[in-house]
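Chemist: Below you will find the structure I want to go over with you.
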Amino acid sequence: MKFRLAILAISAALLSACTTASVPTNPLQARWNGKEAGVFFAAYGPPVSDTASGGGAIYIWRGGFTRGQSCSVELKVDKDYRITSIRALSDRVDPKGGPSHCEKVLDAA
C-alpha cells in the first residue's frame with residue numbers, strides 16, 4: 001500500500017512540473033496563449049514595435065481600424081516564438097455587454 005501511495009505521489013509531482021501554461025483570464029488569452037506568434041502576425045499584420053525580453057520578446061500590435069475604433073495589444077513571446085501572454089492596451093467595450101472590439105477583431109469572441 002505504501003508503495004502505491006509513493007508511486008502516486010511521485011507521478012503527481014512529475015505531472016505538475018510539466019504544466020507551464022497559465023490559466024486564461026480573458027477571451028484574448030484563451031484564443032492566443034500558446035499559439036505561434038507567426039500565425040498571429042500572418043493573420044493580422046506585423047507589429048508596430050518589438051523589444052527583447054529575457055530570451056523572448058514583447059511585441060505591440062495595432063490594427064482593426066473600423067469606424068474610428070482600433071485595437072492595440074501587447075504580446076509576450078517566449079524563445080520558441082509562442083505567445084505566453086496577450087493583453088489589450090486600447091480597446092472598446094461593447095455597450096450592450098458583447099465582445100470588445102479587440103475580441104471581435106482578433107477572433108476571440
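Scheme for the C-alpha cells: letters A, B, ... for chains in order shown; per-chain residue numbers from 1; ligand numbers from 1 in order shown.
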What's the 6 Å shell around Ala88 (chain A), counting only C-alpha atoms, without same-chain residues fewer than 2 positions away, as JSON, numbers by chain?
Modeler: {"A": [72, 73, 90]}
Chemist: So which residues touch Gly34 (chain A) within 9 Å, counting only C-alpha atoms, skipping near sequence neighbours fewer than 6 positions away, as a list in words?
Modeler: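 Counting only the stated atoms, we get Ala21, Arg82, Ile83, Thr84 and Ser85 of chain A.
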Chemist: Would you pick out the contacts of region 37-43 of chain A at 9 Å or less, using only C-alpha atoms, so that residues sharing its chain but fewer than 3 positions from it are not included, and give the list as number ranges by chain?
Modeler: A: 32, 34, 46-47, 61, 75, 77, 81-83, 106
Chemist: Convert the current residue selection to file output with all heavy atoms, as an mmCIF file, in the first residue's frame.
Modeler:
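Once everything was written out, this is out32.cif:
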data_model
loop_
_atom_site.group_PDB
_atom_site.id
_atom_site.type_symbol
_atom_site.label_atom_id
_atom_site.label_comp_id
_atom_site.auth_asym_id
_atom_site.auth_seq_id
_atom_site.Cartn_x
_atom_site.Cartn_y
_atom_site.Cartn_z
ATOM 1 N N TRP A 32 -5.338 32.966 -27.852
ATOM 2 C CA TRP A 32 -3.985 33.107 -28.393
ATOM 3 C C TRP A 32 -2.850 32.556 -27.554
ATOM 4 O O TRP A 32 -1.783 32.257 -28.103
ATOM 5 C CB TRP A 32 -3.726 34.580 -28.726
ATOM 6 C CG TRP A 32 -4.520 34.989 -29.906
ATOM 7 C CD1 TRP A 32 -5.643 35.772 -29.921
ATOM 8 C CD2 TRP A 32 -4.305 34.597 -31.266
ATOM 9 N NE1 TRP A 32 -6.124 35.889 -31.198
ATOM 10 C CE2 TRP A 32 -5.311 35.178 -32.047
ATOM 11 C CE3 TRP A 32 -3.353 33.806 -31.896
ATOM 12 C CZ2 TRP A 32 -5.396 34.999 -33.428
ATOM 13 C CZ3 TRP A 32 -3.428 33.623 -33.270
ATOM 14 C CH2 TRP A 32 -4.438 34.216 -34.016
ATOM 15 N N GLY A 34 -0.200 30.291 -26.134
ATOM 16 C CA GLY A 34 0.316 29.005 -26.588
ATOM 17 C C GLY A 34 0.432 28.868 -28.095
ATOM 18 O O GLY A 34 1.067 27.954 -28.599
ATOM 19 N N PRO A 46 2.036 42.865 -39.273
ATOM 20 C CA PRO A 46 3.221 42.938 -38.415
ATOM 21 C C PRO A 46 3.011 43.837 -37.204
ATOM 22 O O PRO A 46 2.130 44.688 -37.198
ATOM 23 C CB PRO A 46 4.285 43.518 -39.346
ATOM 24 C CG PRO A 46 3.505 44.336 -40.323
ATOM 25 C CD PRO A 46 2.213 43.593 -40.531
ATOM 26 N N PRO A 47 3.859 43.650 -36.194
ATOM 27 C CA PRO A 47 3.779 44.518 -35.021
ATOM 28 C C PRO A 47 4.315 45.912 -35.334
ATOM 29 O O PRO A 47 5.070 46.091 -36.291
ATOM 30 C CB PRO A 47 4.682 43.808 -34.005
ATOM 31 C CG PRO A 47 5.662 43.054 -34.835
ATOM 32 C CD PRO A 47 4.917 42.641 -36.073
ATOM 33 N N TRP A 61 1.139 45.367 -31.153
ATOM 34 C CA TRP A 61 0.421 45.281 -32.428
ATOM 35 C C TRP A 61 -0.760 46.234 -32.383
ATOM 36 O O TRP A 61 -1.400 46.392 -31.341
ATOM 37 C CB TRP A 61 -0.076 43.856 -32.662
ATOM 38 C CG TRP A 61 -0.893 43.720 -33.892
ATOM 39 C CD1 TRP A 61 -0.439 43.469 -35.151
ATOM 40 C CD2 TRP A 61 -2.313 43.847 -33.995
ATOM 41 N NE1 TRP A 61 -1.479 43.435 -36.031
ATOM 42 C CE2 TRP A 61 -2.657 43.669 -35.344
ATOM 43 C CE3 TRP A 61 -3.333 44.114 -33.087
ATOM 44 C CZ2 TRP A 61 -3.959 43.733 -35.809
ATOM 45 C CZ3 TRP A 61 -4.631 44.175 -33.537
ATOM 46 C CH2 TRP A 61 -4.938 43.982 -34.887
ATOM 47 N N LEU A 75 1.833 41.543 -26.931
ATOM 48 C CA LEU A 75 2.060 40.102 -26.980
ATOM 49 C C LEU A 75 3.414 39.791 -26.374
ATOM 50 O O LEU A 75 4.424 40.347 -26.818
ATOM 51 C CB LEU A 75 2.059 39.600 -28.428
ATOM 52 C CG LEU A 75 0.767 39.769 -29.182
ATOM 53 C CD1 LEU A 75 1.017 40.462 -30.496
ATOM 54 C CD2 LEU A 75 0.145 38.428 -29.396
ATOM 55 N N VAL A 77 6.181 36.917 -26.006
ATOM 56 C CA VAL A 77 6.513 35.719 -26.763
ATOM 57 C C VAL A 77 7.760 35.086 -26.147
ATOM 58 O O VAL A 77 8.709 35.803 -25.802
ATOM 59 C CB VAL A 77 6.765 36.099 -28.242
ATOM 60 C CG1 VAL A 77 7.196 34.914 -29.051
ATOM 61 C CG2 VAL A 77 5.512 36.720 -28.838
ATOM 62 N N TYR A 81 9.031 31.408 -29.831
ATOM 63 C CA TYR A 81 8.120 32.254 -30.617
ATOM 64 C C TYR A 81 6.645 31.888 -30.387
ATOM 65 O O TYR A 81 5.807 32.004 -31.256
ATOM 66 C CB TYR A 81 8.490 32.192 -32.106
ATOM 67 C CG TYR A 81 8.106 33.414 -32.896
ATOM 68 C CD1 TYR A 81 8.475 34.688 -32.495
ATOM 69 C CD2 TYR A 81 7.368 33.300 -34.059
ATOM 70 C CE1 TYR A 81 8.125 35.809 -33.227
ATOM 71 C CE2 TYR A 81 7.009 34.422 -34.810
ATOM 72 C CZ TYR A 81 7.393 35.665 -34.378
ATOM 73 O OH TYR A 81 7.041 36.775 -35.108
ATOM 74 N N ARG A 82 6.344 31.425 -29.183
ATOM 75 C CA ARG A 82 4.965 31.127 -28.797
ATOM 76 C C ARG A 82 4.465 32.230 -27.876
ATOM 77 O O ARG A 82 5.189 32.724 -27.011
ATOM 78 C CB ARG A 82 4.879 29.784 -28.084
ATOM 79 C CG ARG A 82 5.195 28.636 -28.993
ATOM 80 C CD ARG A 82 4.445 27.393 -28.559
ATOM 81 N NE ARG A 82 4.657 26.333 -29.505
ATOM 82 C CZ ARG A 82 3.858 26.071 -30.533
ATOM 83 N NH1 ARG A 82 2.788 26.798 -30.736
ATOM 84 N NH2 ARG A 82 4.114 25.078 -31.352
ATOM 85 N N ILE A 83 3.210 32.580 -28.066
ATOM 86 C CA ILE A 83 2.595 33.641 -27.257
ATOM 87 C C ILE A 83 2.362 33.120 -25.842
ATOM 88 O O ILE A 83 1.688 32.109 -25.652
ATOM 89 C CB ILE A 83 1.271 34.110 -27.883
ATOM 90 C CG1 ILE A 83 1.532 34.711 -29.271
ATOM 91 C CG2 ILE A 83 0.568 35.116 -26.973
ATOM 92 C CD1 ILE A 83 0.282 34.969 -30.084
ATOM 93 N N LEU A 106 -9.743 40.080 -33.259
ATOM 94 C CA LEU A 106 -8.748 39.015 -33.138
ATOM 95 C C LEU A 106 -9.369 37.635 -32.931
ATOM 96 O O LEU A 106 -8.754 36.743 -32.358
ATOM 97 C CB LEU A 106 -7.780 39.362 -31.992
ATOM 98 C CG LEU A 106 -7.023 40.670 -32.183
ATOM 99 C CD1 LEU A 106 -6.190 41.008 -30.959
ATOM 100 C CD2 LEU A 106 -6.157 40.619 -33.436
#
Chemist: Would you pick out the contacts of Asn26 (chain A) at 10 Å or less, using only C-alpha atoms, so that residues sharing its chain but fewer than 5 positions from it are not included, and give the list as a ChimeraX atom specification?
Modeler: /A:31,86-87,103,108
Chemist: Enter the distance from CA of Tyr59 (chain A) to CA of Tyr44 (chain A), in Å, rounded to one decimal.
Modeler: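 Atom-to-atom, CA of Tyr59 (chain A) and CA of Tyr44 (chain A) are spaced 13.1 Å apart.
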Chemist: Applying 7 Å and only C-alpha atoms, which residues near Asp50 (chain A) remain after dropping the ones on its own chain fewer than 5 positions away? List them as a list in words.
Modeler: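 So, after excluding close chain neighbours, the residues are Ala57, Ile58, Tyr59 and Ile60 of chain A.
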Chemist: What does the file look like for those residues with C-alpha atoms, as a short mmCIF file (atom, residue, chain, number, x, y, z; two decimals), in the first residue's frame?
Modeler:
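Written out: selection11.cif:
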data_model
loop_
_atom_site.label_atom_id
_atom_site.label_comp_id
_atom_site.auth_asym_id
_atom_site.auth_seq_id
_atom_site.Cartn_x
_atom_site.Cartn_y
_atom_site.Cartn_z
CA ALA A 57 10.22 39.37 -26.94
CA ILE A 58 7.40 41.80 -26.29
CA TYR A 59 5.50 42.98 -29.36
CA ILE A 60 2.99 45.80 -29.68
#
